[in-house]
$ cat run_38.txt   # compact mmCIF, C-alpha atoms
# COMPACT_ATOMS: atom_id res chain seq x y z
CA MET A 167 12.79 -10.98 -32.10
CA ARG A 168 14.48 -13.06 -29.44
CA TYR A 169 12.45 -11.29 -26.72
CA ARG A 170 9.25 -11.82 -28.69
CA SER A 171 10.09 -15.50 -29.13
CA MET A 172 10.64 -15.85 -25.40
CA LEU A 173 7.26 -14.27 -24.70
CA THR A 174 5.62 -16.59 -27.19
CA ALA A 175 7.23 -19.61 -25.55
CA LEU A 176 6.11 -18.48 -22.13
CA SER A 177 2.57 -17.89 -23.39
CA LEU A 178 2.44 -21.38 -24.93
CA GLY A 179 3.79 -22.87 -21.73
CA ALA A 180 1.16 -21.06 -19.70
CA ALA A 181 -1.59 -22.23 -22.01
CA LEU A 182 -0.43 -25.85 -21.79
CA ALA A 183 -0.06 -25.67 -18.02
CA ALA A 184 -3.34 -23.87 -17.33
CA PRO A 185 -5.48 -27.00 -16.74
CA MET A 186 -2.87 -28.36 -14.33
CA ILE A 187 -2.71 -25.09 -12.37
CA ALA A 188 -6.49 -24.74 -12.28
CA SER A 189 -6.81 -28.17 -10.68
CA GLN A 190 -4.58 -27.26 -7.73
CA PRO A 191 -6.09 -26.30 -4.37
CA ALA A 192 -6.20 -22.55 -3.72
CA SER A 193 -3.47 -22.87 -1.08
CA ALA A 194 -0.99 -24.87 -3.18
CA ALA A 195 2.12 -22.92 -4.13
CA PRO A 196 2.68 -22.80 -7.90
CA PHE A 197 5.46 -25.01 -9.26
CA ALA A 198 6.28 -22.44 -11.94
CA CYS A 199 5.34 -18.85 -12.72
CA LEU A 200 2.84 -19.62 -15.46
CA SER A 201 -0.21 -17.71 -14.22
CA SER A 202 -2.04 -15.58 -16.77
CA ASP A 203 -3.02 -12.01 -16.05
CA ASN A 204 -6.59 -13.24 -15.62
CA ASP A 205 -5.36 -15.73 -13.01
CA ILE A 206 -3.55 -13.02 -11.06
CA TYR A 207 -6.57 -10.69 -10.85
CA ALA A 208 -9.36 -13.30 -10.66
CA ALA A 209 -12.06 -13.14 -7.99
CA ASP A 210 -10.80 -14.60 -4.72
CA GLY A 211 -13.52 -17.17 -4.02
CA ASN A 212 -12.62 -19.42 -1.10
CA VAL A 213 -9.07 -18.38 -0.23
CA GLN A 214 -7.07 -21.06 1.57
CA GLY A 215 -3.57 -21.10 2.97
CA ASP A 216 -1.57 -19.09 5.46
CA PRO A 217 -0.92 -15.35 5.27
CA GLY A 218 1.82 -14.74 2.73
CA ASP A 219 1.30 -17.99 0.82
CA LEU A 220 1.98 -17.54 -2.87
CA LEU A 221 -1.05 -18.38 -5.01
CA GLY A 222 0.24 -17.49 -8.47
CA CYS A 223 2.99 -15.65 -10.31
CA ARG A 224 3.88 -14.40 -13.77
CA GLN A 225 7.28 -13.12 -14.93
CA VAL A 226 7.01 -9.62 -16.39
CA GLN A 227 8.90 -6.58 -17.59
CA LEU A 228 8.38 -3.21 -15.91
CA PRO A 229 8.19 -0.38 -18.47
CA GLY A 230 6.73 1.81 -15.71
CA VAL A 231 10.14 1.78 -13.98
CA SER A 232 12.52 4.24 -15.59
CA ASN A 233 16.16 3.28 -16.24
CA PRO A 234 16.38 0.37 -13.81
CA PRO A 235 19.48 -1.82 -13.52
CA GLY A 236 19.23 -5.43 -14.66
CA TYR A 237 16.40 -7.19 -12.85
CA LYS A 238 13.88 -9.99 -12.84
CA ALA A 239 10.28 -9.19 -11.98
CA TRP A 240 7.04 -11.01 -11.34
CA LYS A 241 3.42 -10.17 -10.80
CA ILE A 242 2.19 -12.21 -7.87
CA ARG A 243 -1.04 -13.22 -6.16
CA TYR A 244 -0.88 -14.16 -2.49
CA VAL A 245 -2.88 -14.74 0.68
CA SER A 246 -3.38 -11.94 3.16
CA THR A 247 -5.77 -10.95 5.94
CA ASP A 248 -8.27 -8.12 5.92
CA ALA A 249 -9.11 -5.87 8.88
CA LYS A 250 -11.70 -8.36 10.12
CA GLY A 251 -9.34 -11.34 10.02
CA ALA A 252 -10.73 -12.92 6.85
CA LYS A 253 -8.36 -14.46 4.32
CA VAL A 254 -8.22 -12.56 1.04
CA ALA A 255 -6.26 -12.72 -2.20
CA VAL A 256 -3.99 -9.74 -2.87
CA THR A 257 -1.81 -8.86 -5.84
CA GLY A 258 1.57 -7.21 -6.15
CA THR A 259 4.95 -7.02 -7.86
CA VAL A 260 8.35 -8.40 -6.92
CA ALA A 261 11.55 -7.11 -8.57
CA VAL A 262 15.04 -8.40 -7.83
CA PRO A 263 18.32 -7.00 -9.25
CA THR A 264 20.31 -9.51 -11.25
CA ASP A 265 23.67 -8.27 -9.90
CA ALA A 266 24.77 -10.08 -6.75
CA TRP A 267 24.18 -8.43 -3.39
CA SER A 268 27.63 -7.49 -2.08
CA GLN A 269 26.92 -5.92 1.32
CA GLY A 270 27.00 -9.11 3.39
CA GLY A 271 24.30 -11.59 4.25
CA SER A 272 21.26 -12.26 2.12
CA ARG A 273 19.78 -9.64 -0.18
CA PRO A 274 17.36 -7.33 1.70
CA THR A 275 13.85 -6.53 0.56
CA VAL A 276 11.97 -3.24 0.60
CA ALA A 277 8.27 -3.81 1.32
CA PHE A 278 6.70 -1.00 -0.68
CA ASN A 279 3.19 0.46 -0.70
CA PRO A 280 2.48 3.03 -3.43
CA GLY A 281 0.76 6.34 -2.85
CA THR A 282 -2.84 6.83 -3.88
CA LEU A 283 -3.57 5.42 -7.33
CA GLY A 284 -7.36 5.22 -7.28
CA SER A 285 -10.06 2.65 -6.68
CA GLY A 286 -10.67 1.37 -10.21
CA PRO A 287 -9.36 -2.13 -11.07
CA GLN A 288 -7.11 -0.73 -13.80
CA CYS A 289 -5.31 1.37 -11.16
CA ALA A 290 -3.47 -1.57 -9.55
CA PHE A 291 0.20 -0.70 -9.11
CA SER A 292 1.23 -4.03 -10.62
CA LYS A 293 -0.74 -3.22 -13.78
CA GLN A 294 0.70 0.26 -14.05
CA LEU A 295 4.29 -0.92 -13.55
CA THR A 296 3.84 -3.28 -16.49
CA GLY A 297 2.52 -0.49 -18.71
CA GLN A 298 -1.10 -1.59 -18.83
CA TYR A 299 -2.22 1.85 -17.67
CA GLN A 300 -0.26 4.95 -16.69
CA ASP A 301 -1.56 7.24 -13.95
CA MET A 302 1.09 6.67 -11.32
CA TYR A 303 4.26 8.37 -10.16
CA GLU A 304 6.24 5.78 -8.18
CA GLY A 305 8.33 4.13 -10.90
CA ASP A 306 11.41 6.22 -10.13
CA ASN A 307 11.25 5.18 -6.48
CA ILE A 308 11.28 1.51 -7.46
CA ALA A 309 14.29 2.18 -9.70
CA THR A 310 16.13 3.91 -6.83
CA PHE A 311 15.78 0.86 -4.58
CA LEU A 312 16.85 -1.51 -7.36
CA LYS A 313 19.93 0.61 -8.11
CA ALA A 314 20.90 0.30 -4.45
CA GLY A 315 20.80 -3.48 -4.85
CA ASP A 316 17.58 -3.98 -2.90
CA ALA A 317 14.81 -6.33 -3.89
CA VAL A 318 11.38 -4.70 -3.94
CA ALA A 319 8.15 -6.44 -2.91
CA ALA A 320 5.40 -3.96 -3.76
CA THR A 321 1.83 -4.68 -2.76
CA ASP A 322 -1.12 -3.37 -4.73
CA GLY A 323 -3.12 -3.46 -1.52
CA LEU A 324 -6.45 -5.22 -1.18
CA GLY A 325 -9.27 -4.93 -3.66
CA TYR A 326 -7.63 -4.85 -7.10
CA ILE A 327 -9.11 -8.19 -8.14
CA ALA A 328 -12.35 -9.02 -9.93
CA GLY A 329 -15.47 -8.04 -8.02
CA LYS A 330 -13.69 -6.08 -5.28
CA VAL A 331 -13.04 -2.45 -4.38
CA HIS A 332 -9.84 -1.14 -2.84
CA PRO A 333 -10.38 -0.48 0.92
CA TYR A 334 -8.47 2.79 0.83
CA VAL A 335 -6.69 3.92 4.05
CA ASN A 336 -7.84 0.94 6.10
CA GLY A 337 -4.90 0.46 8.44
CA ALA A 338 -4.90 -3.21 9.44
CA ASP A 339 -5.45 -4.68 5.99
CA ALA A 340 -2.86 -2.30 4.50
CA GLY A 341 -0.26 -3.35 7.05
CA HIS A 342 -1.08 -7.03 6.59
CA ALA A 343 -0.80 -6.87 2.80
CA LEU A 344 2.54 -5.07 3.06
CA LEU A 345 4.06 -7.70 5.35
CA ASP A 346 2.55 -10.62 3.46
CA VAL A 347 3.98 -9.50 0.12
CA VAL A 348 7.46 -10.05 1.60
CA ARG A 349 6.52 -13.54 2.74
CA ALA A 350 5.18 -14.33 -0.73
CA SER A 351 8.25 -12.91 -2.49
CA ARG A 352 10.38 -15.65 -0.95
CA GLN A 353 8.27 -18.43 -2.44
CA ILE A 354 8.59 -17.51 -6.14
CA PRO A 355 9.71 -20.58 -8.10
CA GLY A 356 13.24 -19.90 -9.31
CA GLY A 357 13.47 -16.78 -7.15
CA SER A 358 16.53 -15.93 -5.08
CA LEU A 359 15.19 -14.19 -1.97
CA LYS A 360 15.93 -15.95 1.29
CA ASP A 361 14.01 -16.13 4.55
CA ASP A 362 16.80 -14.48 6.55
CA GLY A 363 16.98 -11.38 4.34
CA LYS A 364 16.46 -8.10 6.20
CA VAL A 365 13.29 -6.12 5.50
CA GLY A 366 12.68 -2.38 5.24
CA ILE A 367 9.23 -0.87 4.87
CA SER A 368 8.52 2.18 2.73
CA GLY A 369 5.62 4.25 1.42
CA TYR A 370 4.39 7.78 0.85
CA SER A 371 0.97 9.37 1.39
CA GLU A 372 -1.50 6.45 1.39
CA GLY A 373 1.64 4.33 1.25
CA GLY A 374 3.08 6.24 4.21
CA ALA A 375 0.10 5.31 6.35
CA ALA A 376 0.44 1.70 5.17
CA SER A 377 4.16 1.77 6.00
CA LEU A 378 3.55 2.82 9.59
CA TRP A 379 0.78 0.26 9.92
CA GLY A 380 3.20 -2.36 8.67
CA ALA A 381 5.73 -1.16 11.25
CA GLN A 382 3.14 -1.27 14.03
CA LEU A 383 1.90 -4.76 13.11
CA ALA A 384 5.23 -6.38 12.24
CA LYS A 385 5.96 -7.97 15.62
CA SER A 386 2.50 -9.40 16.22
CA TYR A 387 1.55 -10.33 12.66
CA ALA A 388 4.86 -11.35 11.05
CA PRO A 389 7.38 -11.92 13.87
CA GLU A 390 9.59 -14.10 11.67
CA LEU A 391 10.41 -11.17 9.36
CA ASN A 392 13.62 -9.36 10.28
CA VAL A 393 12.26 -5.83 9.87
CA VAL A 394 15.08 -3.35 10.53
CA GLY A 395 13.55 -0.01 9.56
CA ALA A 396 10.55 1.82 8.15
CA ALA A 397 10.21 5.04 6.16
CA ALA A 398 6.91 6.91 5.86
CA GLY A 399 6.19 10.28 4.31
CA GLY A 400 3.15 12.50 3.77
CA VAL A 401 1.26 10.45 6.35
CA PRO A 402 -2.48 11.06 6.93
CA GLY A 403 -2.11 9.90 10.52
CA ASP A 404 -5.54 11.06 11.71
CA LEU A 405 -8.33 10.55 9.18
CA ARG A 406 -10.72 12.91 10.97
CA VAL A 407 -8.28 15.79 10.63
CA THR A 408 -7.47 14.83 7.05
CA ALA A 409 -11.12 14.45 5.98
CA LYS A 410 -12.06 17.84 7.41
CA ALA A 411 -9.33 19.50 5.33
CA LEU A 412 -10.18 17.58 2.14
CA ASN A 413 -13.95 18.13 2.22
CA GLY A 414 -14.83 20.83 -0.34
CA SER A 415 -11.18 21.27 -1.35
CA LEU A 416 -9.37 20.86 -4.66
CA PHE A 417 -8.37 17.40 -3.45
CA ALA A 418 -11.76 16.09 -2.34
CA GLY A 419 -11.25 13.06 -4.59
CA PHE A 420 -9.03 11.54 -1.91
CA LEU A 421 -11.92 11.81 0.54
CA ALA A 422 -14.24 10.14 -1.99
CA ASP A 423 -11.81 7.22 -2.26
CA ALA A 424 -11.63 7.00 1.54
CA LEU A 425 -15.41 6.88 1.99
CA VAL A 426 -15.83 4.26 -0.75
CA GLY A 427 -12.91 2.27 0.71
CA LEU A 428 -14.31 2.28 4.23
CA ASN A 429 -17.65 1.06 2.89
CA ALA A 430 -15.86 -1.74 1.02
CA GLN A 431 -14.35 -3.03 4.26
CA TYR A 432 -17.44 -2.39 6.42
CA PRO A 433 -20.51 -3.04 4.22
CA GLU A 434 -22.67 -3.68 7.27
CA MET A 435 -22.45 0.00 8.21
CA PRO A 436 -25.02 2.53 6.92
CA PHE A 437 -23.93 3.84 3.54
CA ASP A 438 -25.86 2.92 0.38
CA GLU A 439 -29.20 3.75 1.97
CA LEU A 440 -27.95 7.25 2.78
CA MET A 441 -27.10 8.16 -0.81
CA ASN A 442 -29.09 10.46 -3.06
CA ASP A 443 -28.80 10.19 -6.85
CA GLN A 444 -25.67 12.35 -6.85
CA GLY A 445 -24.14 10.18 -4.15
CA ARG A 446 -24.86 6.94 -6.00
CA GLN A 447 -23.21 8.37 -9.10
CA ALA A 448 -20.26 9.56 -7.01
CA VAL A 449 -19.64 6.02 -5.78
CA LYS A 450 -19.65 4.70 -9.36
CA THR A 451 -17.27 7.48 -10.40
CA ALA A 452 -14.81 6.76 -7.60
CA GLU A 453 -14.88 3.02 -8.23
CA SER A 454 -14.15 3.40 -11.95
CA ASN A 455 -11.46 6.09 -11.98
CA CYS A 456 -7.78 6.30 -11.13
CA LEU A 457 -5.96 9.17 -9.45
CA MET A 458 -6.27 12.01 -11.96
CA GLY A 459 -9.80 11.11 -13.04
CA THR A 460 -10.98 10.97 -9.44
CA LEU A 461 -9.40 14.29 -8.53
CA ALA A 462 -10.93 15.95 -11.59
CA SER A 463 -14.36 14.46 -10.94
CA PHE A 464 -14.54 15.58 -7.30
CA LEU A 465 -12.93 18.99 -7.54
CA GLY A 466 -14.39 21.03 -4.67
CA ALA A 467 -16.95 18.34 -3.78
CA LYS A 468 -18.55 18.24 -0.33
CA VAL A 469 -19.92 15.09 1.30
CA GLU A 470 -23.03 17.01 2.40
CA ASN A 471 -24.23 16.99 -1.21
CA PHE A 472 -24.20 13.20 -1.57
CA THR A 473 -26.76 12.11 1.04
CA THR A 474 -30.51 12.58 1.21
CA GLY A 475 -30.16 14.17 4.65
CA LYS A 476 -27.26 16.50 3.67
CA LEU A 477 -25.21 14.84 6.40
CA SER A 478 -21.98 16.47 7.53
CA LEU A 479 -18.84 14.47 8.34
CA ASP A 480 -19.60 14.74 12.07
CA GLN A 481 -23.14 13.49 11.49
CA LEU A 482 -21.81 10.57 9.45
CA TYR A 483 -19.35 9.67 12.21
CA ALA A 484 -22.25 9.40 14.68
CA LEU A 485 -24.16 6.82 12.63
CA LYS A 486 -24.23 3.31 14.14
CA GLY A 487 -23.96 -0.12 12.59
CA PRO A 488 -25.94 -3.19 13.71
CA ASP A 489 -23.63 -3.88 16.69
CA GLY A 490 -23.56 -0.27 17.89
CA THR A 491 -20.20 0.57 16.34
CA THR A 492 -20.20 4.05 14.84
CA TRP A 493 -18.49 5.26 11.71
CA GLY A 494 -16.46 7.46 14.04
CA ASP A 495 -15.23 4.38 15.91
CA ILE A 496 -14.07 2.84 12.66
CA VAL A 497 -12.34 6.02 11.51
CA ASP A 498 -10.59 6.33 14.88
CA ARG A 499 -9.24 2.78 14.57
CA GLN A 500 -7.14 3.99 11.64
CA LYS A 501 -5.30 6.63 13.70
CA LEU A 502 -1.57 6.06 13.77
CA GLY A 503 0.65 6.34 16.82
CA VAL A 504 -1.93 4.95 19.26
CA GLY A 505 -0.90 2.04 21.49
CA ILE A 506 2.72 2.04 20.30
CA GLY A 507 5.92 1.50 22.24
CA PRO A 508 9.49 0.25 21.82
CA ALA A 509 10.47 -3.42 21.96
CA GLY A 510 9.85 -4.93 25.38
CA SER A 511 7.44 -2.18 26.44
CA GLY A 512 4.38 -4.40 26.44
CA ALA A 513 2.56 -1.93 24.19
CA LYS A 514 -0.10 -3.20 21.80
CA TYR A 515 2.19 -2.32 18.89
CA GLU A 516 5.86 -2.77 19.73
CA ILE A 517 8.29 -1.25 17.23
CA GLY A 518 11.85 -2.47 17.75
CA PHE A 519 13.53 -0.70 14.84
CA PRO A 520 14.19 2.89 13.70
CA VAL A 521 11.58 4.87 11.80
CA PHE A 522 12.05 7.75 9.35
CA GLN A 523 9.10 10.14 8.94
CA TYR A 524 9.04 13.12 6.61
CA ARG A 525 6.88 15.72 4.86
CA GLY A 526 7.29 18.64 2.51
CA ALA A 527 7.61 22.18 3.82
CA LEU A 528 4.98 23.21 1.26
CA GLU A 529 2.56 20.36 2.00
CA GLU A 530 -0.91 21.36 0.79
CA ILE A 531 -2.98 18.15 0.75
CA ILE A 532 -2.44 16.34 4.04
CA PRO A 533 -2.77 18.76 6.98
CA GLN A 534 0.68 19.40 8.38
CA GLU A 535 -0.74 19.18 11.89
CA THR A 536 -1.58 15.49 11.57
CA GLU A 537 1.82 14.68 10.06
CA ASN A 538 3.51 16.57 12.90
CA ASP A 539 1.28 14.90 15.49
CA THR A 540 2.07 11.41 14.21
CA ARG A 541 5.77 12.13 14.52
CA ALA A 542 5.20 13.54 18.02
CA ALA A 543 3.27 10.42 19.07
CA TYR A 544 6.15 8.21 17.94
CA CYS A 545 8.65 10.35 19.82
CA LYS A 546 6.54 10.42 22.98
CA ALA A 547 6.25 6.63 22.86
CA GLY A 548 10.03 6.26 22.77
CA ILE A 549 10.32 5.00 19.18
CA ASN A 550 13.69 5.76 17.56
CA THR A 551 12.36 8.35 15.10
CA THR A 552 14.17 10.47 12.53
CA TRP A 553 12.12 13.43 11.24
CA ASN A 554 12.59 15.69 8.22
CA ALA A 555 10.03 18.40 7.44
CA GLY A 556 12.44 20.49 5.39
CA TYR A 557 11.88 19.32 1.83
CA ALA A 558 11.22 22.44 -0.23
CA ALA A 559 8.33 20.83 -2.09
CA GLU A 560 4.57 20.31 -2.05
CA HIS A 561 2.88 16.98 -1.45
CA LEU A 562 3.53 15.04 -4.64
CA SER A 563 7.07 16.18 -5.40
CA THR A 564 8.19 15.54 -1.81
CA ASP A 565 7.84 11.85 -2.66
CA TRP A 566 10.58 12.18 -5.29
CA ASN A 567 12.67 14.70 -3.33
CA ALA A 568 12.96 12.30 -0.41
CA ALA A 569 13.68 9.15 -2.44
CA GLN A 570 17.44 9.16 -1.98
CA ASP A 571 17.14 9.87 1.76
CA VAL A 572 14.63 7.04 2.15
CA THR A 573 16.88 4.64 0.25
CA LYS A 574 19.94 5.62 2.31
CA PHE A 575 18.02 5.35 5.57
CA LEU A 576 16.88 1.81 4.80
CA ASN A 577 20.20 0.66 3.35
CA ASP A 578 22.04 1.96 6.40
CA ARG A 579 19.75 -0.30 8.41
CA PHE A 580 20.41 -3.22 6.05
CA THR A 581 24.16 -2.85 6.58
CA GLY A 582 23.83 -2.55 10.34
CA LYS A 583 24.59 1.13 10.85
CA ALA A 584 23.19 2.67 14.00
CA VAL A 585 20.98 5.76 13.93
CA GLN A 586 20.01 8.14 16.68
CA GLY A 587 16.64 9.77 16.09
CA ASN A 588 16.09 13.52 16.38
CA CYS A 589 13.05 13.61 18.65
$ encode --input "run_38.txt" --output "structure tokens"
Amino acid sequence: MRYRSMLTALSLGAALAAPMIASQPASAAPFACLSSDNDIYAADGNVQGDPGDLLGCRQVQLPGVSNPPGYKAWKIRYVSTDAKGAKVAVTGTVAVPTDAWSQGGSRPTVAFNPGTLGSGPQCAFSKQLTGQYQDMYEGDNIATFLKAGDAVAATDGLGYIAGKVHPYVNGADAGHALLDVVRASRQIPGGSLKDDGKVGISGYSEGGAASLWGAQLAKSYAPELNVVGAAAGGVPGDLRVTAKALNGSLFAGFLADALVGLNAQYPEMPFDELMNDQGRQAVKTAESNCLMGTLASFLGAKVENFTTGKLSLDQLYALKGPDGTTWGDIVDRQKLGVGIGPAGSGAKYEIGFPVFQYRGALEEIIPQETENDTRAAYCKAGINTTWNAGYAAEHLSTDWNAAQDVTKFLNDRFTGKAVQGNC
């Protein structure tokens, strides 16, 4: 009853404060976490402010996290930047243990990007963590970080707000959203996270690609963040290699999400006009389903069946947009391990902290060759890289099998322990 009374009081407070919050400029930080769920996921309109500015917050419980220690948690809405440099509103979740951090310095934060959840608006990680819909598998990972004493700033990624579609596996906007959620986590009214807290980056599968993009963009995009390590598993480092393996497979739903996501970020490119009736229905299906529904709907599907010209992946890659850019150019921009180097190297993407990459020995969704090649690219570039391909598990369960190793790797970095990679 006490908990219900608290919720009622918060709801009344939010209702009374709503007119005041609505009258604030889009870039004004909230004075209290009184945003409604509708506020958090509202259409973005004219987004103002700097990347990482907090636009709204709402204190929540996380029934999607199993057996966590004591914590406080918030849904948040914040400013980020898409792959074209436009300001966008993004949503996420911040969770902070209530026990004091005892390892010296300020409490660290894990910037977390979940694995593939789907393109539908109900699939947002922040909604699933709060029990609004359950088709995700990352709650135990959040609990593992919290039990280690780490704060977690988990982005939903772009596109889980009204009128938008998630731009699945788009590297730059994924990396931006992951870094900006840490910035926003430090602005929560009544929150305890400090600007000097160390940051670790983590994710698996789609989240693994986002994690490495966050690592690659950290110095140039968020140089004030003290990022000390990144962990990335099941990484689809080369989308061409990954798409070829997924097309016509049991897991073609991931490819459907990727195609819809690329179109969401690059609507000027040829897409809608290519579709036949089956293709138009496929887009609607992908945009309305979450993980399991998408996989079931596209079981064995081939992209050749969705266009009027029966276009293959290679033929799609060759198609040009209005400025001469091809779909292949855009896909190649997402490749990880290109233009990287250690701190002081002058590379486009300098990475001055250790990286942990991993995959399952029984990996069956992401081609092992692209995971191995991403690791090799990091090693060749001189990045301090630790690699583990020995988890006796397939794709999904490797995420859980590696959770303790990921947590230890990042917490060793938080406490200043050195690591020598195994390149």
$ closest_residue --input "run_38.txt" --among "A:Ala430, A:Ala547, A:Ala462, A:Val347" --to "Gly329 (chain A)" --atoms "only C-alpha atoms"
A:Ala430
$ axis_aligned_box --input "run_38.txt" --around "region 434-452 of chain A" --padding-each-side "6 Å" --output "lines of an AutoDock Vina configuration file"
center_x = -22.0
center_y = 4.3
center_z = -1.1
size_x = 26.4
size_y = 28.0
size_z = 30.6
$ residues_around --input "run_38.txt" --residues "Tyr244 (chain A)" --least-positions-apart "3" --cutoff "6 Å" --atoms "all atoms listed in the file" --output "list in words"
Gly218, Asp219, Leu220, Leu221, Ala255 and Val256 of chain A
$ residues_around --input "run_38.txt" --residues "Phe522 (chain A)" --least-positions-apart "6" --cutoff "7 Å" --atoms "only C-alpha atoms" --output "compact mmCIF listing (two decimals) with C-alpha atoms, in the coordinates of the input"
# COMPACT_ATOMS: atom_id res chain seq x y z
CA ALA A 396 10.55 1.82 8.15
CA ALA A 397 10.21 5.04 6.16
CA ALA A 398 6.91 6.91 5.86
CA THR A 551 12.36 8.35 15.10
CA THR A 552 14.17 10.47 12.53
CA TRP A 553 12.12 13.43 11.24
$ closest_residue --input "run_38.txt" --among "A:Tyr432, A:Phe291, A:Trp379, A:Tyr515" --to "Pro333 (chain A)" --atoms "only C-alpha atoms"
A:Tyr432
$ closest_residue --input "run_38.txt" --among "A:Ile354, A:Ala252, A:Leu378, A:Val245" --to "Ala198 (chain A)" --atoms "only C-alpha atoms"
A:Ile354
$ residues_around --input "run_38.txt" --residues "Arg352 (chain A)" --least-positions-apart "4" --cutoff "12 Å" --atoms "all atoms listed in the file" --output "PyMOL selection string"
chain A and resi 195+218-220+223+240+242+244+260-262+272-275+317-319+345-348+356-363+365+391
$ write_last_selection --input "run_38.txt" --atoms "C-alpha atoms" --output "tab-separated table (two decimals), keeping the file's coordinate frame"
chain	number	residue	atom	x	y	z
A	195	ALA	CA	2.12	-22.92	-4.13
A	218	GLY	CA	1.82	-14.74	2.73
A	219	ASP	CA	1.30	-17.99	0.82
A	220	LEU	CA	1.98	-17.54	-2.87
A	223	CYS	CA	2.99	-15.65	-10.31
A	240	TRP	CA	7.04	-11.01	-11.34
A	242	ILE	CA	2.19	-12.21	-7.87
A	244	TYR	CA	-0.88	-14.16	-2.49
A	260	VAL	CA	8.35	-8.40	-6.92
A	261	ALA	CA	11.55	-7.11	-8.57
A	262	VAL	CA	15.04	-8.40	-7.83
A	272	SER	CA	21.26	-12.26	2.12
A	273	ARG	CA	19.78	-9.64	-0.18
A	274	PRO	CA	17.36	-7.33	1.70
A	275	THR	CA	13.85	-6.53	0.56
A	317	ALA	CA	14.81	-6.33	-3.89
A	318	VAL	CA	11.38	-4.70	-3.94
A	319	ALA	CA	8.15	-6.44	-2.91
A	345	LEU	CA	4.06	-7.70	5.35
A	346	ASP	CA	2.55	-10.62	3.46
A	347	VAL	CA	3.98	-9.50	0.12
A	348	VAL	CA	7.46	-10.05	1.60
A	356	GLY	CA	13.24	-19.90	-9.31
A	357	GLY	CA	13.47	-16.78	-7.15
A	358	SER	CA	16.53	-15.93	-5.08
A	359	LEU	CA	15.19	-14.19	-1.97
A	360	LYS	CA	15.93	-15.95	1.29
A	361	ASP	CA	14.01	-16.13	4.55
A	362	ASP	CA	16.80	-14.48	6.55
A	363	GLY	CA	16.98	-11.38	4.34
A	365	VAL	CA	13.29	-6.12	5.50
A	391	LEU	CA	10.41	-11.17	9.36
$ residues_around --input "run_38.txt" --residues "Glu516 (chain A)" --least-positions-apart "4" --cutoff "7 Å" --atoms "only C-alpha atoms" --output "ChimeraX atom specification"
/A:382,385,506-509,511
$ write_last_selection --input "run_38.txt" --atoms "C-alpha atoms" --output "PDB file, in the frame of the given file"
ATOM      1  CA  GLN A 382       3.140  -1.270  14.030  1.00  0.00           C
ATOM      2  CA  LYS A 385       5.960  -7.970  15.620  1.00  0.00           C
ATOM      3  CA  ILE A 506       2.720   2.040  20.300  1.00  0.00           C
ATOM      4  CA  GLY A 507       5.920   1.500  22.240  1.00  0.00           C
ATOM      5  CA  PRO A 508       9.490   0.250  21.820  1.00  0.00           C
ATOM      6  CA  ALA A 509      10.470  -3.420  21.960  1.00  0.00           C
ATOM      7  CA  SER A 511       7.440  -2.180  26.440  1.00  0.00           C
TER       8      SER A 511
END
$ atom_distance --input "run_38.txt" --atom1 "CA of Tyr387 (chain A)" --atom2 "CA of Asp339 (chain A)"
11.2 Å
$ atom_distance --input "run_38.txt" --atom1 "CA of Leu440 (chain A)" --atom2 "CA of Lys468 (chain A)"
14.8 Å
$ closest_residue --input "run_38.txt" --among "A:Gly258, A:Gly494, A:Gly403, A:Gly230" --to "Ala542 (chain A)" --atoms "all atoms listed in the file"
A:Gly403
$ atom_distance --input "run_38.txt" --atom1 "CA of Gly475 (chain A)" --atom2 "CA of Leu416 (chain A)"
23.7 Å
$ closest_residue --input "run_38.txt" --among "A:Ser386, A:Gln225, A:Ser454, A:Gln214" --to "Ser202 (chain A)" --atoms "only C-alpha atoms"
A:Gln225
$ closest_residue --input "run_38.txt" --among "A:Thr474, A:Thr247, A:Ser368, A:Thr259" --to "Asn577 (chain A)" --atoms "all atoms listed in the file"
A:Ser368
$ residues_around --input "run_38.txt" --residues "Gln298 (chain A)" --least-positions-apart "5" --cutoff "10 Å" --atoms "only C-alpha atoms" --output "ChimeraX atom specification"
/A:229-230,288-293
